[in-house]
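Note sheet for the following structure.
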Amino acid sequence: MSHFDAQRAAMVQEQLEGRNIYDQRVLTAMRKIPRERFVDEAMRERAYEDAPLPIGSGQTISQPYMVARMCELGRFEGSERVLEIGAGSGYQTAVLCELARSVYAVEVRPELGYAALRRLATLGYHNVEIGVFDGSCGWPDKAPFDVILVAAGAPQIPPLLVDQLAESGRLIIPVGPRQGQRLAVVTRKGEEFSTEWTTPCTFVDLVGRFGWGGDGPGRA
Ligand code: SAH
């Protein structure tokens, strides 16, 4: 067992199970995926810290707990088509590849998107496509999605993401001011949408048309 395997087991036990993450499929996926492979060489020894870490381009790999929490809110059973906005390092993308049938991941920064694609291929994940473009408008060609998960903080709920939900689909997205957001869960039932406001969190900015600096109320 490498020291990373021991750190990974401790992370799942202390940071996830210890904070009431109950979804066994999420716990199993995060016990398996080598998080140290999703950060730069110089950052490897810190890969299992209880915090986000820099991945270059001013962005971060999300805190393990936040990845687990978002995935748990997705209530995956294994047959879903999922859209992820903000692939970043590709770590959460790998977790989603373990939880869902097919993963469509979008990353607006090309250097991060292509690095994530290479890592996922090296680790043998083939049920994923990565798009490099502004994901605040979703991925209309691939819609509808059973779950849409956004890993960057938005000033508002992007309307085009809601439109791309399948029946009973769920959108999980951090929404609110830059200093602190809440994970919103929007659920579709026919043409009705209900929103539940859950865990407080702080994510890096969602950019693009419906992010910060776009044409919505989040104009910077
Ligand atoms: N889950 C990722 C989080 C990365 S941080 C991880 O753990 O590595 C959020 C990412 O969202 C950044 O890589 C950023 O470039 C990306 N992002 C921000 N706005 C975006 C947009 N409009 N479309 C796609 N990606 C976006």
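Residue names in the structure tokens use chain letters A, B, ... in the order shown, residue numbers from 1 in each chain, and ligand numbers from 1 in the order shown.
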Pull the closest atom pair for each residue of chain A that gets at most 6 Å from ligand 1, along with the distance in Å to one decimal, counting only C-alpha atoms and all ligand atoms, ordering rows by chain and then ascending residue number, as CSV.
residue,atom,partner,partner_atom_place_in_ligand_line,distance
A:Gln59,CA,ligand 1,5 (S),5.2
A:Thr60,CA,ligand 1,5 (S),4.8
A:Ile61,CA,ligand 1,8 (O),3.5
A:Ser62,CA,ligand 1,7 (O),3.9
A:Ile85,CA,ligand 1,24 (C),5.1
A:Gly86,CA,ligand 1,11 (O),3.1
A:Ala87,CA,ligand 1,2 (C),4.9
A:Gly88,CA,ligand 1,13 (O),3.4
A:Ser89,CA,ligand 1,8 (O),3.7
A:Gly90,CA,ligand 1,8 (O),5.3
A:Tyr91,CA,ligand 1,7 (O),5.3
A:Gln92,CA,ligand 1,1 (N),4.9
A:Val106,CA,ligand 1,24 (C),5.1
A:Glu107,CA,ligand 1,25 (N),3.8
A:Val108,CA,ligand 1,24 (C),4.0
A:Arg109,CA,ligand 1,15 (O),5.0
A:Asp134,CA,ligand 1,23 (N),3.9
A:Gly135,CA,ligand 1,23 (N),3.5
A:Ser136,CA,ligand 1,22 (N),4.4
A:Ala151,CA,ligand 1,1 (N),5.1
A:Ala152,CA,ligand 1,9 (C),4.7
A:Val204,CA,ligand 1,9 (C),5.9
A:Asp205,CA,ligand 1,18 (C),5.8
A:Leu206,CA,ligand 1,19 (N),3.6
A:Val207,CA,ligand 1,19 (N),4.0
A:Gly208,CA,ligand 1,22 (N),4.4
For the residues selected in the previous step, produce a file with C-alpha atoms as an mmCIF file, in the first residue's frame.
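Written file, result08.cif:
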data_model
loop_
_atom_site.group_PDB
_atom_site.id
_atom_site.type_symbol
_atom_site.label_atom_id
_atom_site.label_comp_id
_atom_site.auth_asym_id
_atom_site.auth_seq_id
_atom_site.Cartn_x
_atom_site.Cartn_y
_atom_site.Cartn_z
ATOM 1 C CA GLN A 59 -8.206 27.886 -10.523
ATOM 2 C CA THR A 60 -8.482 25.174 -7.854
ATOM 3 C CA ILE A 61 -9.215 21.470 -7.485
ATOM 4 C CA SER A 62 -12.279 21.379 -5.212
ATOM 5 C CA ILE A 85 -19.493 22.499 -15.959
ATOM 6 C CA GLY A 86 -15.978 23.418 -14.790
ATOM 7 C CA ALA A 87 -13.966 20.200 -15.251
ATOM 8 C CA GLY A 88 -10.780 21.898 -13.953
ATOM 9 C CA SER A 89 -8.315 19.164 -12.978
ATOM 10 C CA GLY A 90 -10.770 16.426 -14.022
ATOM 11 C CA TYR A 91 -10.928 14.914 -10.513
ATOM 12 C CA GLN A 92 -14.674 15.342 -10.041
ATOM 13 C CA VAL A 106 -17.061 21.344 -20.114
ATOM 14 C CA GLU A 107 -14.020 23.471 -19.284
ATOM 15 C CA VAL A 108 -13.630 27.032 -20.557
ATOM 16 C CA ARG A 109 -9.827 27.224 -20.073
ATOM 17 C CA ASP A 134 -18.312 28.441 -22.174
ATOM 18 C CA GLY A 135 -20.457 25.962 -20.245
ATOM 19 C CA SER A 136 -22.752 28.591 -18.701
ATOM 20 C CA ALA A 151 -18.227 23.373 -10.025
ATOM 21 C CA ALA A 152 -17.904 27.190 -10.184
ATOM 22 C CA VAL A 204 -14.095 30.181 -7.906
ATOM 23 C CA ASP A 205 -16.079 32.259 -10.413
ATOM 24 C CA LEU A 206 -18.256 30.831 -13.133
ATOM 25 C CA VAL A 207 -17.356 33.030 -16.111
ATOM 26 C CA GLY A 208 -19.091 33.339 -19.467
#
Could you list, as a ChimeraX atom specification, every residue within 12 Å of region 36-51 of chain A, counting only C-alpha atoms and ignoring same-chain residues fewer than 3 positions away? /A:2-16,19,30-33,54-56,59-67,87-95,112,115-120,122-123,201-203
To one decimal place in Å, what is the distance between CA of Gln179 (chain A) and CA of Asn20 (chain A)?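 So the answer is 24.9 Å.
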When you look at region 154-169 of chain A with a cut-off of 7 Å (counting only C-alpha atoms), what residues show up, excluding the ones that are within fewer than 2 positions of it in the same chain? I need them as a list in words.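 Here the qualifying residues turn out to be Ser136, Cys137, Gly138, Pro140, Ala143, Pro144, Phe145, Asp146, Val147, Ala152, Leu171, Pro174, Val175, Gly176, Pro177, Thr187, Arg188, Lys189, Gly190, Asp205, Leu206, Phe210, Gly211, Trp212, Pro217 and Gly218 of chain A.
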Just checking: using only C-alpha atoms, which residue out of A:Pro200, A:Leu149, A:Tyr104, A:Met70 ends up closest to Ile130 (chain A)? A:Tyr104
Please extract the residues of region 32-78 of chain A with a backbone DSSP assignment of strand (DSSP E) and present them as a ChimeraX atom specification. /A:53-56,59-61
Contacts of Leu183 (chain A) within 6 Å, only C-alpha atoms, excl. fewer than 2 positions in-chain, as a list in words: Ile173, Pro174, Thr198 and Thr199 of chain A
Can you list, as a PyMOL selection string, every residue of region 20-183 of chain A that DSSP puts in alpha helix (DSSP H)? chain A and resi 24-32+64-73+91-99+110-122+159-163
Identify which of the residues A:Gly78, A:Pro52, A:Ala105, A:Tyr114 lies closest to Arg35 (chain A), counting only C-alpha atoms when measuring atom-to-atom distances. A:Pro52
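Among the candidates A:Gly58, A:Gly131, A:Pro34, A:Gly213, the one nearest to Val103 (chain A) when counting only C-alpha atoms is A:Gly131.
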